[in-house]
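A short worksheet on the structure shown next.
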Amino acid sequence: MQELTHYIDGKHIKGTSERFADVYNPATGEVQAKVPLATSEELNRAIASAAEAQQVWAAINPQRRARVLMEFVRLVNRDMDKLAEALSREHGKTLPDAKGDVQRGLEVVEFCIGAPHLLKGEYSNSASRGIDIYSMRQPLGVVAGITPFNFPAMIPMWKIGPALACGNAVILKPSERDPSVPLMLAELMTEAGLPDGVLQVVNGDKDAVDAILDNETIQAIGFVGSTPIAQYIYARGCENGKRVQCFGGAKNHMIIMPDADLDQAADALVGAGYGAAGERCMAISVAVPVGDETADRLMEKLVPRVESLKVGPYTGGEDVDYGPVVTAAAKENIARLVQTGIDQGAKLLVDGRDFKLQGYENGFFVGPHLFDHATTDMDIYKTEIFGPVLTTVRAQNYEEALAMATDHEYGNGVAIFTRDGDAARDFADRVNVGMVGINFPIPVPLAYHSFGGWKKSGFGDLNQHGPDAFKFYSKTKTVTARWPSGIKEGGDFSIPVME
Ligand code: NAD
């Protein structure tokens with residue numbers, strides 16, 4: 001049994017708490033490693049040492065810091081196959097999808113190489129007589145990233161790339177389900193030239209998270225995970241005076257208008273609904289065809305596509321569409337929610353309940369499920385299932401479809417499929433959701449734009465990556481300066497006004 005470590009001060013360090021979590025291979029159901037769960041003392045030590053290292057890192061100019069990230073990009077590309085294999089083995093997603101996970105993280109690090117430009121301040125010459133005003137962006141100090149299981153490469157890189165580029169030290173607390181890739185990324189940072197202690201990977205569970213929330217040195221927390229935990233971390237982090245951004249769960253709708261190309265829509269739905277076993281925060285989990293005729297035609301095209309999905313292990317070759325879900329508990333939760341859908345009267349058009357894979361009977365595989373005739377009061381509509389289950393709710397007209405996405409408590413992503421530019425434009429303008437796709441099912445913006453959901457999908461005021469991340473991970477100092485020749489004699493007892 002492999003015993004994983006923390007990564008502190010540039011070295012792998014064994015845990016001392018004697019508490020561990022099991023890390024599974026979801027394809028076989030076997031425990032393949034155990035990961036140490038840090039105590040608050042272990043965490044506080046890692047934070048104290050990061051605080052010292054941060055002073056050194058912040059004193060290095062932004063362009064030299066960016067060169068470390070540049071080298072990191074090269075090293076991650078060099079090790080792409082190794083990283084993808086480790087990722088698939090712990091998460092279960094297919095190898096091409098695992099490479100996409102690494103790639104979408106790497107693109108944010110590439111964006112962060114522009115730090116010298118992004119950290120430039122503003123300057124107003126002669127803002128008043130003899131007075132110049134300028135601003136500078138300075139690092140926050142030690143910041144923390146707390147990340148979910150479903151993108152074990154991408155989301156850690158979304159956190160560490162911008163935070164390091166801004167001159168901060170980072171405590172990364174990855175998901176205890178698949179911690180190996182974050183540890184490998186930290187090793188690569190050391191190889192790329194990052195000073196020891198600037199990136200500390202501390203594994204753990206709620207105890208470690210609470211220690212981060214209460215530690216006075218931590219200046220900011222970036223969290224991604226489920227909504228109840230996002231709300232908890234946001235509230236406690238803010239109460240402790242930290243800068244906090246938390247991204248939560250989702251229920252992403254795809255509206256299919258009567259004029260849409262239904263083959264394209266059906267292809268988009270199988271990819272976005274079942275890819276990564278539905279374990280993406282931007283997965284489409286609700287299909288909303290507009291009008292019964294559209295719905296009937298769509299189902300005709302969708303059912304055979306869903307029935308022919310190939311479910312298998314990441315070692316199963318290129319034609320595997322998706323792998324197992326992450327744990328036995330996740331599998332049980334999906335089965336429970338599917339049962340509520342049946343009990344509450346939705347029609348299960350494709351039934352994946354009896355799915356079995358020969359040779360992988362203990363793996364956490366879930367067959368594809370497709371519901372039709374669901375309604376907005378059902379649990380399968382209201383709850384994030386996070387599995388290969390697509391729920392269809394028929395809308396009678398466009399306004400009803402728009403209202404569904406707008407009124408749902410989650411507001412991460414949404415898509416509309418149509419040939420009508422006016423409808424698409426109106427939809428993008430009015431829908432109460434943070435990221436919108438037009439004939440595009442998974443509208444995850446590229447690295448130089450920013451990513452963030454609305455309503456219960458996001459807490460805080462700045463998004464992830466893009467220019468927002470540089471705002472989040474730096475603070476603005478504004479200097480008002482004049483030189484002796486501009487100073488009049490005598491004290492001035494009124495508030496200064498512009499001259
Ligand atoms: P999770 O909330 O269970 O865990 C996320 C992190 O919080 C992990 O590091 C975990 O160790 C920690 N954590 C878990 N329970 C905790 C507790 N009681 N107190 C303190 N910390 C705790 O989420 P998950 O299952 O790993 O990830 C899936 C969820 O993440 C889904 O809801 C998905 O929609 C969401 N997600 C959202 C986005 C987004 O950008 N909005 C992206 C990816 C995933």
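Identifiers in this document derive from the order of the structure tokens: chains are assigned A, B, ..., residues are numbered from 1 separately in each chain, and ligands are numbered from 1 in order of occurrence.
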Per residue of chain A within 8 Å of ligand 1, record the nearest atom pair and its distance in Å to one decimal, counting only C-alpha atoms and all ligand atoms, with rows in chain order and ascending residue number, as JSON lines.
```
{"residue": "A:Ile146", "atom": "CA", "partner": "ligand 1", "partner_atom_place_in_ligand_line": "9 (O)", "distance": 5.0}
{"residue": "A:Thr147", "atom": "CA", "partner": "ligand 1", "partner_atom_place_in_ligand_line": "9 (O)", "distance": 4.5}
{"residue": "A:Pro148", "atom": "CA", "partner": "ligand 1", "partner_atom_place_in_ligand_line": "26 (O)", "distance": 3.4}
{"residue": "A:Phe149", "atom": "CA", "partner": "ligand 1", "partner_atom_place_in_ligand_line": "26 (O)", "distance": 4.1}
{"residue": "A:Asn150", "atom": "CA", "partner": "ligand 1", "partner_atom_place_in_ligand_line": "27 (O)", "distance": 5.7}
{"residue": "A:Phe151", "atom": "CA", "partner": "ligand 1", "partner_atom_place_in_ligand_line": "43 (C)", "distance": 6.5}
{"residue": "A:Ile155", "atom": "CA", "partner": "ligand 1", "partner_atom_place_in_ligand_line": "43 (C)", "distance": 7.4}
{"residue": "A:Lys173", "atom": "CA", "partner": "ligand 1", "partner_atom_place_in_ligand_line": "9 (O)", "distance": 5.9}
{"residue": "A:Pro174", "atom": "CA", "partner": "ligand 1", "partner_atom_place_in_ligand_line": "9 (O)", "distance": 4.9}
{"residue": "A:Ser175", "atom": "CA", "partner": "ligand 1", "partner_atom_place_in_ligand_line": "9 (O)", "distance": 3.8}
{"residue": "A:Glu176", "atom": "CA", "partner": "ligand 1", "partner_atom_place_in_ligand_line": "11 (O)", "distance": 5.6}
{"residue": "A:Arg177", "atom": "CA", "partner": "ligand 1", "partner_atom_place_in_ligand_line": "26 (O)", "distance": 7.6}
{"residue": "A:Gly204", "atom": "CA", "partner": "ligand 1", "partner_atom_place_in_ligand_line": "11 (O)", "distance": 6.4}
{"residue": "A:Asp205", "atom": "CA", "partner": "ligand 1", "partner_atom_place_in_ligand_line": "11 (O)", "distance": 4.5}
{"residue": "A:Lys206", "atom": "CA", "partner": "ligand 1", "partner_atom_place_in_ligand_line": "20 (C)", "distance": 3.9}
{"residue": "A:Asp207", "atom": "CA", "partner": "ligand 1", "partner_atom_place_in_ligand_line": "20 (C)", "distance": 7.2}
{"residue": "A:Ala208", "atom": "CA", "partner": "ligand 1", "partner_atom_place_in_ligand_line": "21 (N)", "distance": 7.8}
{"residue": "A:Val209", "atom": "CA", "partner": "ligand 1", "partner_atom_place_in_ligand_line": "20 (C)", "distance": 5.1}
{"residue": "A:Asp210", "atom": "CA", "partner": "ligand 1", "partner_atom_place_in_ligand_line": "20 (C)", "distance": 6.5}
{"residue": "A:Phe223", "atom": "CA", "partner": "ligand 1", "partner_atom_place_in_ligand_line": "6 (C)", "distance": 7.2}
{"residue": "A:Val224", "atom": "CA", "partner": "ligand 1", "partner_atom_place_in_ligand_line": "38 (C)", "distance": 5.3}
{"residue": "A:Gly225", "atom": "CA", "partner": "ligand 1", "partner_atom_place_in_ligand_line": "30 (O)", "distance": 3.1}
{"residue": "A:Ser226", "atom": "CA", "partner": "ligand 1", "partner_atom_place_in_ligand_line": "32 (O)", "distance": 3.4}
{"residue": "A:Thr227", "atom": "CA", "partner": "ligand 1", "partner_atom_place_in_ligand_line": "32 (O)", "distance": 6.1}
{"residue": "A:Pro228", "atom": "CA", "partner": "ligand 1", "partner_atom_place_in_ligand_line": "2 (O)", "distance": 7.1}
{"residue": "A:Ile229", "atom": "CA", "partner": "ligand 1", "partner_atom_place_in_ligand_line": "2 (O)", "distance": 5.1}
{"residue": "A:Ala230", "atom": "CA", "partner": "ligand 1", "partner_atom_place_in_ligand_line": "2 (O)", "distance": 6.9}
{"residue": "A:Tyr232", "atom": "CA", "partner": "ligand 1", "partner_atom_place_in_ligand_line": "19 (N)", "distance": 7.5}
{"residue": "A:Ile233", "atom": "CA", "partner": "ligand 1", "partner_atom_place_in_ligand_line": "20 (C)", "distance": 7.0}
{"residue": "A:Cys246", "atom": "CA", "partner": "ligand 1", "partner_atom_place_in_ligand_line": "41 (N)", "distance": 7.9}
{"residue": "A:Phe247", "atom": "CA", "partner": "ligand 1", "partner_atom_place_in_ligand_line": "41 (N)", "distance": 4.2}
{"residue": "A:Gly248", "atom": "CA", "partner": "ligand 1", "partner_atom_place_in_ligand_line": "41 (N)", "distance": 4.4}
{"residue": "A:Gly249", "atom": "CA", "partner": "ligand 1", "partner_atom_place_in_ligand_line": "34 (O)", "distance": 3.3}
{"residue": "A:Ala250", "atom": "CA", "partner": "ligand 1", "partner_atom_place_in_ligand_line": "34 (O)", "distance": 5.0}
{"residue": "A:Glu279", "atom": "CA", "partner": "ligand 1", "partner_atom_place_in_ligand_line": "33 (C)", "distance": 7.3}
{"residue": "A:Arg280", "atom": "CA", "partner": "ligand 1", "partner_atom_place_in_ligand_line": "43 (C)", "distance": 6.2}
{"residue": "A:Cys281", "atom": "CA", "partner": "ligand 1", "partner_atom_place_in_ligand_line": "34 (O)", "distance": 3.8}
{"residue": "A:Met282", "atom": "CA", "partner": "ligand 1", "partner_atom_place_in_ligand_line": "42 (C)", "distance": 7.4}
{"residue": "A:Glu384", "atom": "CA", "partner": "ligand 1", "partner_atom_place_in_ligand_line": "32 (O)", "distance": 7.0}
{"residue": "A:Phe386", "atom": "CA", "partner": "ligand 1", "partner_atom_place_in_ligand_line": "31 (C)", "distance": 6.9}
{"residue": "A:Asn412", "atom": "CA", "partner": "ligand 1", "partner_atom_place_in_ligand_line": "41 (N)", "distance": 6.3}
{"residue": "A:Phe451", "atom": "CA", "partner": "ligand 1", "partner_atom_place_in_ligand_line": "40 (O)", "distance": 7.2}
{"residue": "A:Gly452", "atom": "CA", "partner": "ligand 1", "partner_atom_place_in_ligand_line": "40 (O)", "distance": 6.3}
{"residue": "A:Gly453", "atom": "CA", "partner": "ligand 1", "partner_atom_place_in_ligand_line": "41 (N)", "distance": 6.1}
{"residue": "A:Ser457", "atom": "CA", "partner": "ligand 1", "partner_atom_place_in_ligand_line": "41 (N)", "distance": 5.5}
{"residue": "A:Gly458", "atom": "CA", "partner": "ligand 1", "partner_atom_place_in_ligand_line": "41 (N)", "distance": 6.5}
```
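Neighbouring residues of Gly437 in chain A at 12 Å or closer, counting only C-alpha atoms and skipping chain neighbours under 4 positions away, are A:Asn252, A:His253, A:Met254, A:Ile255, A:Ile256, A:Ala268, A:Ala272, A:Met282, A:Ile284, A:Asn412, A:Gly413, A:Val414, A:Ala415, A:Ile416, A:Phe417, A:Thr418, A:Ala424, A:Arg425, A:Phe427, A:Ala428, A:Asp429, A:Val431, A:Val433, A:Pro441, A:Ile442, A:Pro443, A:Val444, A:Pro445.
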Residues of the last selection are to be written out with N, CA and C atoms, as a PDB file, in the first residue's frame.
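Printed below is again_11.pdb as written:
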```pdb
ATOM      1  N   ASN A 252     -26.689  22.699 -14.827  1.00  0.00           N
ATOM      2  CA  ASN A 252     -26.602  23.481 -16.066  1.00  0.00           C
ATOM      3  C   ASN A 252     -27.642  23.021 -17.085  1.00  0.00           C
ATOM      4  N   HIS A 253     -28.418  23.983 -17.572  1.00  0.00           N
ATOM      5  CA  HIS A 253     -29.493  23.690 -18.521  1.00  0.00           C
ATOM      6  C   HIS A 253     -28.996  23.874 -19.955  1.00  0.00           C
ATOM      7  N   MET A 254     -29.544  23.098 -20.851  1.00  0.00           N
ATOM      8  CA  MET A 254     -29.328  23.372 -22.279  1.00  0.00           C
ATOM      9  C   MET A 254     -30.699  23.502 -22.931  1.00  0.00           C
ATOM     10  N   ILE A 255     -30.966  24.689 -23.476  1.00  0.00           N
ATOM     11  CA  ILE A 255     -32.249  24.969 -24.113  1.00  0.00           C
ATOM     12  C   ILE A 255     -32.127  24.591 -25.589  1.00  0.00           C
ATOM     13  N   ILE A 256     -33.079  23.825 -26.085  1.00  0.00           N
ATOM     14  CA  ILE A 256     -33.036  23.431 -27.491  1.00  0.00           C
ATOM     15  C   ILE A 256     -34.263  24.035 -28.172  1.00  0.00           C
ATOM     16  N   ALA A 268     -24.140  17.251 -28.784  1.00  0.00           N
ATOM     17  CA  ALA A 268     -23.661  18.111 -27.691  1.00  0.00           C
ATOM     18  C   ALA A 268     -24.149  17.571 -26.346  1.00  0.00           C
ATOM     19  N   ALA A 272     -21.657  16.572 -23.356  1.00  0.00           N
ATOM     20  CA  ALA A 272     -21.649  17.455 -22.178  1.00  0.00           C
ATOM     21  C   ALA A 272     -22.395  16.836 -21.000  1.00  0.00           C
ATOM     22  N   MET A 282     -19.452  21.951 -15.104  1.00  0.00           N
ATOM     23  CA  MET A 282     -20.070  22.570 -16.281  1.00  0.00           C
ATOM     24  C   MET A 282     -20.779  21.517 -17.149  1.00  0.00           C
ATOM     25  N   ILE A 284     -23.751  19.430 -18.692  1.00  0.00           N
ATOM     26  CA  ILE A 284     -25.177  19.706 -18.885  1.00  0.00           C
ATOM     27  C   ILE A 284     -25.941  18.590 -18.179  1.00  0.00           C
ATOM     28  N   ASN A 412     -24.333  28.316 -12.726  1.00  0.00           N
ATOM     29  CA  ASN A 412     -22.953  28.200 -13.211  1.00  0.00           C
ATOM     30  C   ASN A 412     -22.885  28.407 -14.721  1.00  0.00           C
ATOM     31  N   GLY A 413     -23.372  27.404 -15.490  1.00  0.00           N
ATOM     32  CA  GLY A 413     -23.349  27.510 -16.947  1.00  0.00           C
ATOM     33  C   GLY A 413     -24.726  27.244 -17.514  1.00  0.00           C
ATOM     34  N   VAL A 414     -24.918  27.637 -18.780  1.00  0.00           N
ATOM     35  CA  VAL A 414     -26.174  27.392 -19.477  1.00  0.00           C
ATOM     36  C   VAL A 414     -25.881  27.462 -20.965  1.00  0.00           C
ATOM     37  N   ALA A 415     -26.704  26.766 -21.773  1.00  0.00           N
ATOM     38  CA  ALA A 415     -26.482  26.827 -23.219  1.00  0.00           C
ATOM     39  C   ALA A 415     -27.812  26.942 -23.937  1.00  0.00           C
ATOM     40  N   ILE A 416     -27.777  27.554 -25.111  1.00  0.00           N
ATOM     41  CA  ILE A 416     -28.955  27.573 -25.980  1.00  0.00           C
ATOM     42  C   ILE A 416     -28.527  27.092 -27.364  1.00  0.00           C
ATOM     43  N   PHE A 417     -29.319  26.206 -27.936  1.00  0.00           N
ATOM     44  CA  PHE A 417     -29.069  25.756 -29.303  1.00  0.00           C
ATOM     45  C   PHE A 417     -30.179  26.299 -30.202  1.00  0.00           C
ATOM     46  N   THR A 418     -29.798  27.096 -31.168  1.00  0.00           N
ATOM     47  CA  THR A 418     -30.752  27.744 -32.058  1.00  0.00           C
ATOM     48  C   THR A 418     -30.028  28.266 -33.289  1.00  0.00           C
ATOM     49  N   ALA A 424     -30.892  33.996 -29.508  1.00  0.00           N
ATOM     50  CA  ALA A 424     -29.647  33.726 -28.778  1.00  0.00           C
ATOM     51  C   ALA A 424     -29.183  34.988 -28.046  1.00  0.00           C
ATOM     52  N   ARG A 425     -29.301  36.124 -28.712  1.00  0.00           N
ATOM     53  CA  ARG A 425     -28.845  37.386 -28.130  1.00  0.00           C
ATOM     54  C   ARG A 425     -29.715  37.755 -26.914  1.00  0.00           C
ATOM     55  N   PHE A 427     -31.393  35.709 -25.101  1.00  0.00           N
ATOM     56  CA  PHE A 427     -31.130  34.721 -24.047  1.00  0.00           C
ATOM     57  C   PHE A 427     -29.863  35.094 -23.270  1.00  0.00           C
ATOM     58  N   ALA A 428     -28.783  35.372 -24.010  1.00  0.00           N
ATOM     59  CA  ALA A 428     -27.512  35.707 -23.353  1.00  0.00           C
ATOM     60  C   ALA A 428     -27.678  36.944 -22.473  1.00  0.00           C
ATOM     61  N   ASP A 429     -28.491  37.877 -22.933  1.00  0.00           N
ATOM     62  CA  ASP A 429     -28.687  39.114 -22.184  1.00  0.00           C
ATOM     63  C   ASP A 429     -29.499  38.889 -20.912  1.00  0.00           C
ATOM     64  N   VAL A 431     -30.579  35.823 -19.293  1.00  0.00           N
ATOM     65  CA  VAL A 431     -30.508  34.668 -18.384  1.00  0.00           C
ATOM     66  C   VAL A 431     -29.626  35.001 -17.165  1.00  0.00           C
ATOM     67  N   VAL A 433     -27.388  33.616 -15.246  1.00  0.00           N
ATOM     68  CA  VAL A 433     -26.382  32.563 -15.107  1.00  0.00           C
ATOM     69  C   VAL A 433     -25.033  33.158 -15.538  1.00  0.00           C
ATOM     70  N   PRO A 441     -22.043  23.663 -25.783  1.00  0.00           N
ATOM     71  CA  PRO A 441     -22.632  23.105 -24.564  1.00  0.00           C
ATOM     72  C   PRO A 441     -21.841  23.347 -23.274  1.00  0.00           C
ATOM     73  N   ILE A 442     -20.499  23.447 -23.375  1.00  0.00           N
ATOM     74  CA  ILE A 442     -19.718  23.622 -22.138  1.00  0.00           C
ATOM     75  C   ILE A 442     -18.929  24.923 -22.263  1.00  0.00           C
ATOM     76  N   PRO A 443     -19.568  26.042 -21.938  1.00  0.00           N
ATOM     77  CA  PRO A 443     -18.895  27.326 -22.192  1.00  0.00           C
ATOM     78  C   PRO A 443     -17.901  27.720 -21.098  1.00  0.00           C
ATOM     79  N   VAL A 444     -16.852  26.906 -20.942  1.00  0.00           N
ATOM     80  CA  VAL A 444     -15.784  27.273 -19.996  1.00  0.00           C
ATOM     81  C   VAL A 444     -14.893  28.285 -20.718  1.00  0.00           C
ATOM     82  N   PRO A 445     -14.855  29.524 -20.249  1.00  0.00           N
ATOM     83  CA  PRO A 445     -14.080  30.530 -20.982  1.00  0.00           C
ATOM     84  C   PRO A 445     -12.587  30.190 -20.982  1.00  0.00           C
TER      85      PRO A 445
END
```
Practice task
Could you pull out the residues in range 363-459 of chain A that DSSP calls strand (DSSP E or B) from the backbone, as a count of residues only?
Solution key: 25
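Proximity to Val288 in chain A was assessed for A:Ala127, A:Ala405, A:Met378, A:Leu213 counting only C-alpha atoms; the smallest distance is recorded for A:Ala405.
Using only C-alpha atoms, the residues found no farther than 7 Å from Ile8 in chain A, other than those of its own chain fewer than 6 positions away, are Ala46, Gly197, Gln200 and Val201 of chain A.
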Selection to disk with C-alpha atoms, as a PDB file, in the first residue's frame:
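See selection-v8.pdb below for the written result:
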```
ATOM      1  CA  ALA A  46       3.663  24.755   6.772  1.00  0.00           C
ATOM      2  CA  GLY A 197       8.287  26.725   0.799  1.00  0.00           C
ATOM      3  CA  GLN A 200       3.142  23.833   0.089  1.00  0.00           C
ATOM      4  CA  VAL A 201       0.770  20.960  -0.586  1.00  0.00           C
TER       5      VAL A 201
END
```
Exercise for the section: From the DSSP assignment of the backbone, select every residue of range 273-456 of chain A that is helix (DSSP H, G or I), and format the answer as a VMD selection string. Expected result: chain A and resid 273 to 278 292 to 307 328 to 343 379 to 382 398 to 407 421 to 430
Output of the above residues as an mmCIF file, in the first residue's frame, restricted to C-alpha atoms:
```
data_model
loop_
_atom_site.group_PDB
_atom_site.id
_atom_site.type_symbol
_atom_site.label_atom_id
_atom_site.label_comp_id
_atom_site.auth_asym_id
_atom_site.auth_seq_id
_atom_site.Cartn_x
_atom_site.Cartn_y
_atom_site.Cartn_z
ATOM 1 C CA GLY A 273 -24.074 15.285 -20.199
ATOM 2 C CA TYR A 274 -22.094 12.074 -19.904
ATOM 3 C CA GLY A 275 -18.432 13.074 -20.447
ATOM 4 C CA ALA A 276 -16.364 12.461 -17.287
ATOM 5 C CA ALA A 277 -19.410 10.474 -16.024
ATOM 6 C CA GLY A 278 -21.246 13.769 -15.550
ATOM 7 C CA ASP A 292 -43.376 18.836 -27.574
ATOM 8 C CA GLU A 293 -42.547 18.337 -31.232
ATOM 9 C CA THR A 294 -38.930 19.441 -30.650
ATOM 10 C CA ALA A 295 -38.794 17.216 -27.570
ATOM 11 C CA ASP A 296 -40.087 14.153 -29.435
ATOM 12 C CA ARG A 297 -37.682 14.634 -32.336
ATOM 13 C CA LEU A 298 -34.784 15.243 -29.930
ATOM 14 C CA MET A 299 -35.536 12.100 -27.899
ATOM 15 C CA GLU A 300 -35.558 10.024 -31.110
ATOM 16 C CA LYS A 301 -32.034 11.185 -31.796
ATOM 17 C CA LEU A 302 -30.824 11.150 -28.196
ATOM 18 C CA VAL A 303 -31.960 7.705 -27.029
ATOM 19 C CA PRO A 304 -29.806 5.662 -29.465
ATOM 20 C CA ARG A 305 -26.814 7.886 -28.786
ATOM 21 C CA VAL A 306 -27.149 7.434 -25.021
ATOM 22 C CA GLU A 307 -27.752 3.688 -25.347
ATOM 23 C CA ALA A 328 -18.934 3.912 -3.981
ATOM 24 C CA ALA A 329 -20.758 6.621 -2.004
ATOM 25 C CA ALA A 330 -21.110 8.763 -5.144
ATOM 26 C CA LYS A 331 -22.514 5.732 -6.984
ATOM 27 C CA GLU A 332 -25.055 5.088 -4.232
ATOM 28 C CA ASN A 333 -26.107 8.713 -4.184
ATOM 29 C CA ILE A 334 -26.722 8.668 -7.929
ATOM 30 C CA ALA A 335 -28.798 5.473 -7.628
ATOM 31 C CA ARG A 336 -30.833 7.040 -4.820
ATOM 32 C CA LEU A 337 -31.584 10.157 -6.866
ATOM 33 C CA VAL A 338 -32.487 8.116 -9.951
ATOM 34 C CA GLN A 339 -34.986 6.225 -7.803
ATOM 35 C CA THR A 340 -36.568 9.506 -6.650
ATOM 36 C CA GLY A 341 -36.988 10.464 -10.312
ATOM 37 C CA ILE A 342 -38.866 7.227 -11.004
ATOM 38 C CA ASP A 343 -40.936 7.524 -7.826
ATOM 39 C CA ASP A 379 -35.441 16.093 -6.853
ATOM 40 C CA ILE A 380 -33.669 15.050 -10.068
ATOM 41 C CA TYR A 381 -34.250 18.601 -11.339
ATOM 42 C CA LYS A 382 -33.483 20.505 -8.175
ATOM 43 C CA TYR A 398 -38.996 30.110 -25.028
ATOM 44 C CA GLU A 399 -39.995 32.247 -22.027
ATOM 45 C CA GLU A 400 -40.689 29.154 -19.955
ATOM 46 C CA ALA A 401 -37.279 27.693 -20.862
ATOM 47 C CA LEU A 402 -35.527 30.959 -20.050
ATOM 48 C CA ALA A 403 -37.333 31.159 -16.721
ATOM 49 C CA MET A 404 -36.196 27.642 -15.733
ATOM 50 C CA ALA A 405 -32.506 28.447 -16.109
ATOM 51 C CA THR A 406 -33.006 31.865 -14.541
ATOM 52 C CA ASP A 407 -34.980 30.655 -11.527
ATOM 53 C CA GLY A 421 -29.527 35.162 -33.654
ATOM 54 C CA ASP A 422 -32.171 37.333 -32.030
ATOM 55 C CA ALA A 423 -33.261 34.556 -29.679
ATOM 56 C CA ALA A 424 -29.647 33.726 -28.778
ATOM 57 C CA ARG A 425 -28.845 37.386 -28.130
ATOM 58 C CA ASP A 426 -31.933 37.893 -25.993
ATOM 59 C CA PHE A 427 -31.130 34.721 -24.047
ATOM 60 C CA ALA A 428 -27.512 35.707 -23.353
ATOM 61 C CA ASP A 429 -28.687 39.114 -22.184
ATOM 62 C CA ARG A 430 -31.496 38.017 -19.887
#
```
Problem - Spatial neighbours of Val326 in chain A, max dist 7 Å, only C-alpha atoms, sep filter under 4 positions, as a ChimeraX atom specification - result: /A:26,91-92,330,364
Generate a file of the selected residues that holds N, CA and C atoms, formatted as a compact mmCIF listing (two decimals), in the first residue's frame.
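Now in result30.txt:
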```
# COMPACT_ATOMS: atom_id res chain seq x y z
N PRO A 26 -10.99 3.98 -8.92
CA PRO A 26 -12.44 3.82 -9.07
C PRO A 26 -12.83 2.75 -10.11
N HIS A 91 -8.89 9.31 -10.41
CA HIS A 91 -10.18 9.93 -10.66
C HIS A 91 -11.12 9.02 -11.44
N GLY A 92 -10.57 8.31 -12.43
CA GLY A 92 -11.39 7.42 -13.24
C GLY A 92 -11.69 7.93 -14.63
N ALA A 330 -20.57 7.96 -4.04
CA ALA A 330 -21.11 8.76 -5.14
C ALA A 330 -22.07 7.91 -5.98
N PHE A 364 -16.62 1.50 -9.66
CA PHE A 364 -17.75 2.40 -9.38
C PHE A 364 -18.40 2.88 -10.68
```
